[in-house]
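coords-v6.tsv, holding TSV, C-alpha atoms and all ligand atoms:
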```
chain	number	residue	atom	x	y	z
A	12	MET	CA	-30.94	-10.21	-34.91
A	13	ASN	CA	-29.59	-7.26	-36.85
A	14	TRP	CA	-28.86	-5.03	-33.83
A	15	LYS	CA	-27.72	-2.11	-35.95
A	16	GLU	CA	-31.15	-1.94	-37.61
A	17	PHE	CA	-32.92	-2.60	-34.31
A	18	TRP	CA	-31.19	0.24	-32.44
A	19	ASP	CA	-31.35	2.59	-35.42
A	20	ARG	CA	-35.11	2.08	-35.40
A	21	GLN	CA	-35.35	2.73	-31.64
A	22	ALA	CA	-33.51	6.02	-32.10
A	23	LEU	CA	-35.70	7.05	-35.03
A	24	LEU	CA	-39.07	6.01	-33.57
A	25	HIS	CA	-38.81	7.49	-30.09
A	26	SER	CA	-38.08	10.99	-28.87
A	27	ASN	CA	-37.59	10.03	-25.20
A	28	PRO	CA	-33.83	9.49	-24.69
A	29	GLN	CA	-34.37	6.64	-22.21
A	30	ILE	CA	-36.74	4.75	-24.51
A	31	GLN	CA	-34.24	5.21	-27.36
A	32	VAL	CA	-31.79	3.01	-25.41
A	33	GLY	CA	-34.33	0.66	-23.85
A	34	ARG	CA	-34.15	2.04	-20.33
A	35	ILE	CA	-37.59	0.95	-19.25
A	36	LYS	CA	-38.68	-1.11	-16.29
A	37	SER	CA	-42.23	-2.41	-15.94
A	38	GLY	CA	-43.29	-0.10	-18.77
A	39	ILE	CA	-41.86	3.13	-17.32
A	40	THR	CA	-38.60	5.01	-17.75
A	41	LEU	CA	-36.11	5.29	-14.89
A	42	SER	CA	-36.01	8.22	-12.47
A	43	GLU	CA	-33.12	10.70	-12.55
A	44	GLN	CA	-32.09	9.28	-9.17
A	45	ILE	CA	-31.79	5.75	-10.59
A	46	LEU	CA	-29.84	7.04	-13.60
A	47	ASP	CA	-27.47	8.76	-11.18
A	48	ASP	CA	-27.21	5.53	-9.17
A	49	ILE	CA	-26.23	3.63	-12.33
A	50	VAL	CA	-23.57	6.23	-13.15
A	51	GLN	CA	-22.24	6.20	-9.59
A	52	HIS	CA	-22.08	2.40	-9.77
A	53	ILE	CA	-19.96	2.51	-12.96
A	54	VAL	CA	-17.76	5.30	-11.54
A	55	ALA	CA	-17.14	3.30	-8.36
A	56	LYS	CA	-16.40	-0.02	-10.08
A	57	LEU	CA	-14.02	1.64	-12.58
A	58	GLU	CA	-12.58	3.94	-9.89
A	59	LEU	CA	-13.11	6.69	-12.44
A	60	GLY	CA	-11.31	9.93	-11.68
A	61	PRO	CA	-10.41	13.28	-13.25
A	62	THR	CA	-7.30	12.03	-15.07
A	63	ASP	CA	-8.98	8.99	-16.66
A	64	ARG	CA	-9.49	8.58	-20.39
A	65	LEU	CA	-12.61	6.45	-20.86
A	66	LEU	CA	-13.57	4.38	-23.87
A	67	ASP	CA	-17.37	3.89	-23.65
A	68	LEU	CA	-18.42	1.06	-25.97
A	69	CYS	CA	-22.00	0.47	-27.13
A	70	CYS	CA	-22.73	3.98	-25.86
A	71	GLY	CA	-26.17	4.25	-27.51
A	72	ASN	CA	-27.43	7.82	-27.54
A	73	GLY	CA	-24.90	8.95	-24.93
A	74	LEU	CA	-27.37	8.99	-22.02
A	75	LEU	CA	-24.68	7.57	-19.71
A	76	SER	CA	-21.56	8.72	-21.62
A	77	HIS	CA	-22.54	12.32	-20.99
A	78	ARG	CA	-22.91	11.76	-17.25
A	79	LEU	CA	-19.68	9.72	-17.13
A	80	SER	CA	-17.81	12.53	-18.89
A	81	GLN	CA	-18.35	14.66	-15.78
A	82	HIS	CA	-16.16	12.22	-13.81
A	83	CYS	CA	-13.14	11.93	-16.09
A	84	GLN	CA	-10.83	13.77	-18.45
A	85	GLU	CA	-12.22	12.56	-21.78
A	86	VAL	CA	-14.62	10.03	-23.25
A	87	VAL	CA	-14.48	8.35	-26.64
A	88	ALA	CA	-17.89	6.79	-27.18
A	89	ILE	CA	-18.70	4.27	-29.91
A	90	ASP	CA	-21.90	2.61	-31.07
A	91	ILE	CA	-22.84	0.49	-34.08
A	92	SER	CA	-25.99	2.52	-34.74
A	93	PRO	CA	-25.47	5.74	-36.72
A	94	GLN	CA	-28.91	6.92	-35.59
A	95	GLN	CA	-27.99	6.50	-31.92
A	96	ILE	CA	-24.76	8.40	-32.55
A	97	LYS	CA	-26.71	11.15	-34.31
A	98	GLN	CA	-28.95	11.43	-31.21
A	99	ALA	CA	-25.88	11.40	-28.93
A	100	LYS	CA	-24.33	14.32	-30.80
A	101	ALA	CA	-27.64	16.23	-30.72
A	102	GLN	CA	-28.68	15.53	-27.11
A	103	PHE	CA	-25.59	14.58	-25.11
A	104	ALA	CA	-22.63	16.48	-26.54
A	105	ALA	CA	-19.86	17.78	-24.23
A	106	PRO	CA	-16.46	19.33	-24.94
A	107	ASN	CA	-14.67	16.21	-23.65
A	108	ILE	CA	-16.74	13.57	-25.54
A	109	GLN	CA	-16.13	12.30	-29.03
A	110	TYR	CA	-18.88	10.08	-30.51
A	111	SER	CA	-18.52	7.82	-33.52
A	112	ALA	CA	-20.23	4.87	-35.19
A	113	ALA	CA	-18.55	1.45	-35.48
A	114	ASP	CA	-19.13	-2.22	-34.79
A	115	VAL	CA	-17.02	-2.84	-31.70
A	116	SER	CA	-16.79	-6.58	-32.39
A	117	GLU	CA	-14.72	-5.77	-35.47
A	118	GLY	CA	-11.98	-3.74	-33.77
A	119	ASN	CA	-10.10	-0.85	-35.43
A	120	TYR	CA	-12.50	1.73	-34.03
A	121	CYS	CA	-9.72	3.90	-32.58
A	122	THR	CA	-6.25	4.74	-33.81
A	123	ALA	CA	-3.32	2.56	-32.71
A	124	GLU	CA	-1.92	5.45	-30.65
A	125	GLN	CA	-5.10	5.91	-28.60
A	126	LYS	CA	-4.77	4.31	-25.16
A	127	PHE	CA	-7.43	4.45	-22.48
A	128	THR	CA	-7.11	4.00	-18.73
A	129	LYS	CA	-10.66	2.62	-18.47
A	130	ILE	CA	-13.11	0.85	-20.80
A	131	ASN	CA	-16.84	0.58	-20.14
A	132	LEU	CA	-19.33	-1.65	-21.94
A	133	TYR	CA	-22.62	-1.36	-20.08
A	134	PHE	CA	-26.09	-2.87	-20.58
A	135	SER	CA	-24.99	-4.24	-23.96
A	136	PHE	CA	-22.87	-7.40	-23.73
A	137	GLN	CA	-25.97	-9.50	-24.42
A	138	TYR	CA	-25.89	-8.33	-28.06
A	139	PHE	CA	-22.73	-10.36	-28.66
A	140	GLU	CA	-24.78	-13.48	-28.98
A	141	ASN	CA	-22.28	-16.30	-28.87
A	142	PHE	CA	-19.01	-17.15	-27.14
A	143	SER	CA	-16.73	-16.37	-30.07
A	144	LYS	CA	-18.33	-12.97	-30.74
A	145	GLY	CA	-18.10	-12.03	-27.06
A	146	LYS	CA	-14.47	-13.08	-26.91
A	147	LYS	CA	-13.65	-11.29	-30.17
A	148	THR	CA	-15.26	-8.10	-28.82
A	149	ILE	CA	-13.21	-8.15	-25.62
A	150	ALA	CA	-10.02	-9.08	-27.52
A	151	ALA	CA	-10.61	-6.11	-29.84
A	152	MET	CA	-10.55	-3.72	-26.85
A	153	LEU	CA	-7.15	-4.79	-25.57
A	154	PRO	CA	-4.92	-2.79	-27.95
A	155	TYR	CA	-6.65	0.38	-26.67
A	156	LEU	CA	-6.28	-0.41	-22.95
A	157	GLN	CA	-3.32	0.94	-21.03
A	158	ASP	CA	-1.44	-1.94	-19.35
A	159	ASP	CA	-2.68	-1.03	-15.86
A	160	GLY	CA	-6.18	-0.18	-17.09
A	161	MET	CA	-9.56	-1.78	-16.32
A	162	ILE	CA	-12.46	-3.07	-18.38
A	163	PHE	CA	-15.97	-2.99	-16.91
A	164	ILE	CA	-18.49	-5.24	-18.61
A	165	GLY	CA	-21.57	-4.26	-16.67
A	166	ASP	CA	-25.25	-5.16	-16.48
A	167	VAL	CA	-24.86	-8.50	-18.24
A	168	PRO	CA	-27.91	-10.83	-18.21
A	169	ASP	CA	-26.73	-13.86	-16.26
A	170	PHE	CA	-27.55	-17.41	-17.24
A	171	LYS	CA	-27.72	-18.35	-13.56
A	172	TYR	CA	-30.75	-16.08	-13.28
A	173	LEU	CA	-32.49	-17.06	-16.52
A	174	ASN	CA	-35.41	-18.44	-14.45
A	175	ARG	CA	-35.91	-15.08	-12.79
A	176	TYR	CA	-36.27	-13.33	-16.14
A	177	TYR	CA	-38.24	-16.08	-17.87
A	178	SER	CA	-40.27	-17.66	-15.10
A	179	ARG	CA	-42.19	-20.00	-17.45
A	180	ALA	CA	-40.47	-23.04	-18.95
A	181	LYS	CA	-41.98	-22.30	-22.35
A	182	ASP	CA	-40.42	-18.82	-22.36
A	183	ARG	CA	-37.01	-20.27	-21.47
A	184	PHE	CA	-37.41	-22.76	-24.29
A	185	ARG	CA	-38.39	-19.96	-26.70
A	186	TYR	CA	-35.33	-17.95	-25.57
A	187	ARG	CA	-33.01	-20.85	-26.43
A	188	VAL	CA	-34.62	-21.45	-29.83
A	189	LYS	CA	-34.57	-17.77	-30.79
A	190	LEU	CA	-30.93	-17.41	-29.73
A	191	LEU	CA	-29.99	-20.42	-31.86
A	192	LEU	CA	-31.95	-19.05	-34.83
A	193	GLY	CA	-30.38	-15.61	-34.40
A	194	ASN	CA	-33.68	-13.78	-33.95
A	195	SER	CA	-33.68	-13.17	-30.19
A	196	ASP	CA	-34.96	-9.73	-29.19
A	197	MET	CA	-33.19	-10.05	-25.83
A	198	GLY	CA	-29.74	-11.30	-26.74
A	199	LYS	CA	-27.63	-13.73	-24.75
A	200	PHE	CA	-27.62	-14.58	-21.04
A	201	TRP	CA	-23.91	-15.17	-20.31
A	202	SER	CA	-22.69	-17.71	-17.77
A	203	GLU	CA	-19.91	-17.14	-15.26
A	204	GLY	CA	-18.05	-20.08	-16.83
A	205	GLU	CA	-18.11	-18.51	-20.29
A	206	MET	CA	-16.89	-15.17	-18.95
A	207	ARG	CA	-14.14	-16.87	-16.95
A	208	ARG	CA	-13.03	-18.76	-20.06
A	209	ILE	CA	-12.85	-15.54	-22.12
A	210	ALA	CA	-10.74	-13.91	-19.39
A	211	ALA	CA	-8.42	-16.93	-19.18
A	212	ASP	CA	-8.07	-17.21	-22.98
A	213	LEU	CA	-7.15	-13.50	-23.21
A	214	ASP	CA	-4.85	-13.56	-20.16
A	215	LEU	CA	-7.03	-11.21	-18.13
A	216	THR	CA	-7.81	-11.20	-14.41
A	217	PHE	CA	-11.46	-11.79	-13.66
A	218	GLN	CA	-13.84	-10.45	-11.01
A	219	LEU	CA	-17.58	-11.08	-10.88
A	220	PHE	CA	-19.99	-8.92	-8.87
A	221	GLU	CA	-23.60	-9.13	-7.87
A	222	GLN	CA	-25.25	-5.78	-8.43
A	223	PRO	CA	-26.52	-3.68	-5.53
A	224	ALA	CA	-30.23	-4.48	-5.12
A	225	HIS	CA	-31.35	-0.90	-5.82
A	226	LEU	CA	-30.13	-1.05	-9.44
A	227	PRO	CA	-33.05	-1.62	-11.79
A	228	TYR	CA	-32.04	-4.97	-13.28
A	229	ALA	CA	-30.04	-6.41	-10.36
A	230	GLU	CA	-32.36	-9.39	-10.14
A	231	TYR	CA	-30.99	-11.00	-13.30
A	232	ARG	CA	-27.81	-9.12	-14.27
A	233	ARG	CA	-24.25	-9.17	-12.94
A	234	ASP	CA	-21.04	-7.23	-13.59
A	235	TYR	CA	-17.48	-8.15	-14.58
A	236	LEU	CA	-14.21	-6.34	-14.06
A	237	LEU	CA	-11.28	-7.45	-16.21
A	238	LYS	CA	-7.61	-6.37	-16.12
A	239	LYS	CA	-4.52	-7.33	-18.07
A	240	ASN	CA	-2.30	-9.85	-16.26
A	301	LIG	C1	-29.40	-1.02	-24.55
A	301	LIG	S1	-28.38	0.08	-25.47
A	301	LIG	C2	-27.27	0.60	-24.18
A	301	LIG	C3	-26.66	1.96	-24.41
A	301	LIG	C4	-25.77	2.46	-23.26
A	301	LIG	N1	-24.63	1.62	-23.03
A	301	LIG	C5	-26.57	2.59	-21.98
A	301	LIG	O1	-26.28	1.86	-21.02
A	301	LIG	O2	-27.49	3.42	-21.95
A	301	LIG	C6	-27.37	-1.06	-26.39
A	301	LIG	C7	-26.49	-0.40	-27.43
A	301	LIG	O3	-25.54	-1.37	-27.89
A	301	LIG	C8	-25.26	-1.06	-29.25
A	301	LIG	N2	-24.61	-2.19	-29.92
A	301	LIG	C9	-25.11	-3.43	-30.12
A	301	LIG	N3	-24.23	-4.18	-30.80
A	301	LIG	C10	-23.13	-3.39	-31.04
A	301	LIG	C11	-21.90	-3.59	-31.71
A	301	LIG	N4	-21.59	-4.76	-32.29
A	301	LIG	N5	-21.02	-2.57	-31.77
A	301	LIG	C12	-21.31	-1.36	-31.18
A	301	LIG	N6	-22.49	-1.11	-30.56
A	301	LIG	C13	-23.39	-2.12	-30.47
A	301	LIG	C14	-26.63	-0.72	-29.80
A	301	LIG	O4	-26.60	-0.02	-31.02
A	301	LIG	C15	-27.27	0.06	-28.65
A	301	LIG	O5	-27.12	1.46	-28.82
```
Please, can you express the file's structure as structure tokens?
Amino acid sequence: MNWKEFWDRQALLHSNPQIQVGRIKSGITLSEQILDDIVQHIVAKLELGPTDRLLDLCCGNGLLSHRLSQHCQEVVAIDISPQQIKQAKAQFAAPNIQYSAADVSEGNYCTAEQKFTKINLYFSFQYFENFSKGKKTIAAMLPYLQDDGMIFIGDVPDFKYLNRYYSRAKDRFRYRVKLLLGNSDMGKFWSEGEMRRIAADLDLTFQLFEQPAHLPYAEYRRDYLLKKN
């Protein structure tokens, strides 16, 4: 799947900021309370505080970046889709956020001097559709992470729960075929083993978390916290 085109189109076609970034459950957008719960969840896992400098990767239209910016010193927010970034600048600007467009799997999206205390990549790791692309994306973050910093890879569709998302065998089969052919509209369900291997290969500590049940996609997604060894 060409995710840049896909997410550009979402930003162009829809005026509702939640629909622009696919925040829909059972056909309806999330309540403000649930959005706040998601933000509080990220803030808690990253222990985000007023002195933190946050790198928010795959930020979409800034729906969450804007809220996160209220909990830290500054946010640099990056997304591959220029149309999402255009929406972010129009709808979710703040004095302490800087938005820009780049493919975060390619690296070089910040300057060598920029170091962040925290990195967030939320509701987006599925778009790195194979092991090497996922590993390359996490490796590309490391030069920007302060040595005692943390990386939160949150809301990742989990292979263990594939049956919960695709309850019919034929849909699971279709998922596998589409992923192999590169035309999945869902992206990749990552396994704990794959995430552990990435962490080990990159010399990172690894923590896996179930999501609190009140989060909208807790049934089939889990979270990862990574730190430099
Ligand atoms: C579902 S949206 C999530 C946006 C935001 N993180 C949130 O939670 O609301 C996924 C975003 O990932 C971005 N994305 C996908 N692949 C990317 C890549 N290689 N580099 C940067 N952004 C990417 C898309 O453009 C899209 O805006």
Once you count all atoms listed in the file, which residues end up within 9 Å of ligand LIG 301 (chain A), and could you hand them over as a tab-separated table (two decimals) with C-alpha atoms, in the coordinates of the input?
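Generated file (out33.tsv):
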```tsv
chain	number	residue	atom	x	y	z
A	13	ASN	CA	-29.59	-7.26	-36.85
A	14	TRP	CA	-28.86	-5.03	-33.83
A	15	LYS	CA	-27.72	-2.11	-35.95
A	16	GLU	CA	-31.15	-1.94	-37.61
A	17	PHE	CA	-32.92	-2.60	-34.31
A	18	TRP	CA	-31.19	0.24	-32.44
A	19	ASP	CA	-31.35	2.59	-35.42
A	21	GLN	CA	-35.35	2.73	-31.64
A	22	ALA	CA	-33.51	6.02	-32.10
A	29	GLN	CA	-34.37	6.64	-22.21
A	31	GLN	CA	-34.24	5.21	-27.36
A	32	VAL	CA	-31.79	3.01	-25.41
A	33	GLY	CA	-34.33	0.66	-23.85
A	34	ARG	CA	-34.15	2.04	-20.33
A	49	ILE	CA	-26.23	3.63	-12.33
A	67	ASP	CA	-17.37	3.89	-23.65
A	68	LEU	CA	-18.42	1.06	-25.97
A	69	CYS	CA	-22.00	0.47	-27.13
A	70	CYS	CA	-22.73	3.98	-25.86
A	71	GLY	CA	-26.17	4.25	-27.51
A	72	ASN	CA	-27.43	7.82	-27.54
A	73	GLY	CA	-24.90	8.95	-24.93
A	74	LEU	CA	-27.37	8.99	-22.02
A	75	LEU	CA	-24.68	7.57	-19.71
A	76	SER	CA	-21.56	8.72	-21.62
A	89	ILE	CA	-18.70	4.27	-29.91
A	90	ASP	CA	-21.90	2.61	-31.07
A	91	ILE	CA	-22.84	0.49	-34.08
A	92	SER	CA	-25.99	2.52	-34.74
A	93	PRO	CA	-25.47	5.74	-36.72
A	94	GLN	CA	-28.91	6.92	-35.59
A	95	GLN	CA	-27.99	6.50	-31.92
A	96	ILE	CA	-24.76	8.40	-32.55
A	112	ALA	CA	-20.23	4.87	-35.19
A	113	ALA	CA	-18.55	1.45	-35.48
A	114	ASP	CA	-19.13	-2.22	-34.79
A	115	VAL	CA	-17.02	-2.84	-31.70
A	116	SER	CA	-16.79	-6.58	-32.39
A	117	GLU	CA	-14.72	-5.77	-35.47
A	131	ASN	CA	-16.84	0.58	-20.14
A	132	LEU	CA	-19.33	-1.65	-21.94
A	133	TYR	CA	-22.62	-1.36	-20.08
A	134	PHE	CA	-26.09	-2.87	-20.58
A	135	SER	CA	-24.99	-4.24	-23.96
A	136	PHE	CA	-22.87	-7.40	-23.73
A	137	GLN	CA	-25.97	-9.50	-24.42
A	138	TYR	CA	-25.89	-8.33	-28.06
A	139	PHE	CA	-22.73	-10.36	-28.66
A	144	LYS	CA	-18.33	-12.97	-30.74
A	148	THR	CA	-15.26	-8.10	-28.82
A	165	GLY	CA	-21.57	-4.26	-16.67
A	166	ASP	CA	-25.25	-5.16	-16.48
```
Length of the CA of Ile149 (chain A) to CA of Val86 (chain A) vector [Å]
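If I compute the distance from CA of Ile149 (chain A) to CA of Val86 (chain A), I get 18.4 Å.
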Q) Residues at most 10 Å from Ala229 (chain A), counting all atoms listed in the file, excluding those fewer than 6 positions away in the same chain, as an MDAnalysis selection string? A) chainID A and resid 166:168 221:223
message = Can you pull out the residues contacting Tyr176 (chain A)? Cut-off 12 Å, using all atoms listed in the file, and skip same-chain residues under 4 positions away; I want them as an NGL selection string.
response = :A and (168-172 or 180 or 182-183 or 186 or 197 or 200 or 228-232)
File dump, residues just selected, C-alpha atoms, as an mmCIF file, in the frame of the given file:
```
data_model
loop_
_atom_site.group_PDB
_atom_site.id
_atom_site.type_symbol
_atom_site.label_atom_id
_atom_site.label_comp_id
_atom_site.auth_asym_id
_atom_site.auth_seq_id
_atom_site.Cartn_x
_atom_site.Cartn_y
_atom_site.Cartn_z
ATOM 1 C CA PRO A 168 -27.910 -10.830 -18.210
ATOM 2 C CA ASP A 169 -26.730 -13.860 -16.260
ATOM 3 C CA PHE A 170 -27.550 -17.410 -17.240
ATOM 4 C CA LYS A 171 -27.720 -18.350 -13.560
ATOM 5 C CA TYR A 172 -30.750 -16.080 -13.280
ATOM 6 C CA ALA A 180 -40.470 -23.040 -18.950
ATOM 7 C CA ASP A 182 -40.420 -18.820 -22.360
ATOM 8 C CA ARG A 183 -37.010 -20.270 -21.470
ATOM 9 C CA TYR A 186 -35.330 -17.950 -25.570
ATOM 10 C CA MET A 197 -33.190 -10.050 -25.830
ATOM 11 C CA PHE A 200 -27.620 -14.580 -21.040
ATOM 12 C CA TYR A 228 -32.040 -4.970 -13.280
ATOM 13 C CA ALA A 229 -30.040 -6.410 -10.360
ATOM 14 C CA GLU A 230 -32.360 -9.390 -10.140
ATOM 15 C CA TYR A 231 -30.990 -11.000 -13.300
ATOM 16 C CA ARG A 232 -27.810 -9.120 -14.270
#
```
Practice task
Excluding Lys126 (chain A) and any residue of its chain fewer than 4 positions from it, enumerate the residues within 8 Å of it, using all atoms listed in the file, and give them as number ranges by chain.
Solution key: A: 64, 154-157
Taken to one decimal, the CA of Glu203 (chain A)-CA of Phe163 (chain A) distance is 14.8 Å
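Put simply, CA of Ile45 (chain A) is 28.4 Å away from CA of Met152 (chain A).
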Across A:Ile162, A:Asn174, A:Gly198, A:Asn141, the smallest distance to Phe217 (chain A), with all atoms listed in the file counted, is shown by A:Ile162
Using all atoms listed in the file, the best pick from A:Ser195, A:Asp158, A:Pro227, A:Gln84 as closest to Thr40 (chain A) would be A:Pro227
Padded axis-aligned box of region 70-84 of chain A (5 Å per side), centre and edge lengths, Å, one decimal, as lines of an AutoDock Vina configuration file:
```
center_x = -19.1
center_y = 9.3
center_z = -20.7
size_x = 26.6
size_y = 20.7
size_z = 23.7
```
Counting only C-alpha atoms, closest pick from A:Leu192, A:Leu24, A:Leu65, A:Ile130 relative to Glu85 (chain A) is A:Leu65
Let me make sure I understand: among A:Met161, A:Leu46, A:Ala99, A:Val188, which one has the smallest atom-to-atom distance to Leu226 (chain A) if we use only C-alpha atoms?
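Using only C-alpha atoms, Leu226 (chain A) sits closest to A:Leu46.
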Query raised in the report: Which of these residues is nearest to Asp159 (chain A), using only C-alpha atoms: A:Ala55, A:Leu66, A:Leu215, A:Val50?
Result: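 For Asp159 (chain A), the nearest of the given residues is A:Leu215.
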**OP:** Dig up all the protein and nucleic acid residues within 8 Å of (-26.1, -20.1, -26.7) in the file frame, using all atoms listed in the file, and format them as a PyMOL selection string.
**Re:** chain A and resi 140-142+187+190-191+199
task = Check the smallest atom-to-atom distance from each of A:Thr62, A:Ser80, A:Gln102, A:Asn119 to Pro28 (chain A) using only C-alpha atoms, then report the winner.
result =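 For Pro28 (chain A), the nearest of the candidates is A:Gln102.
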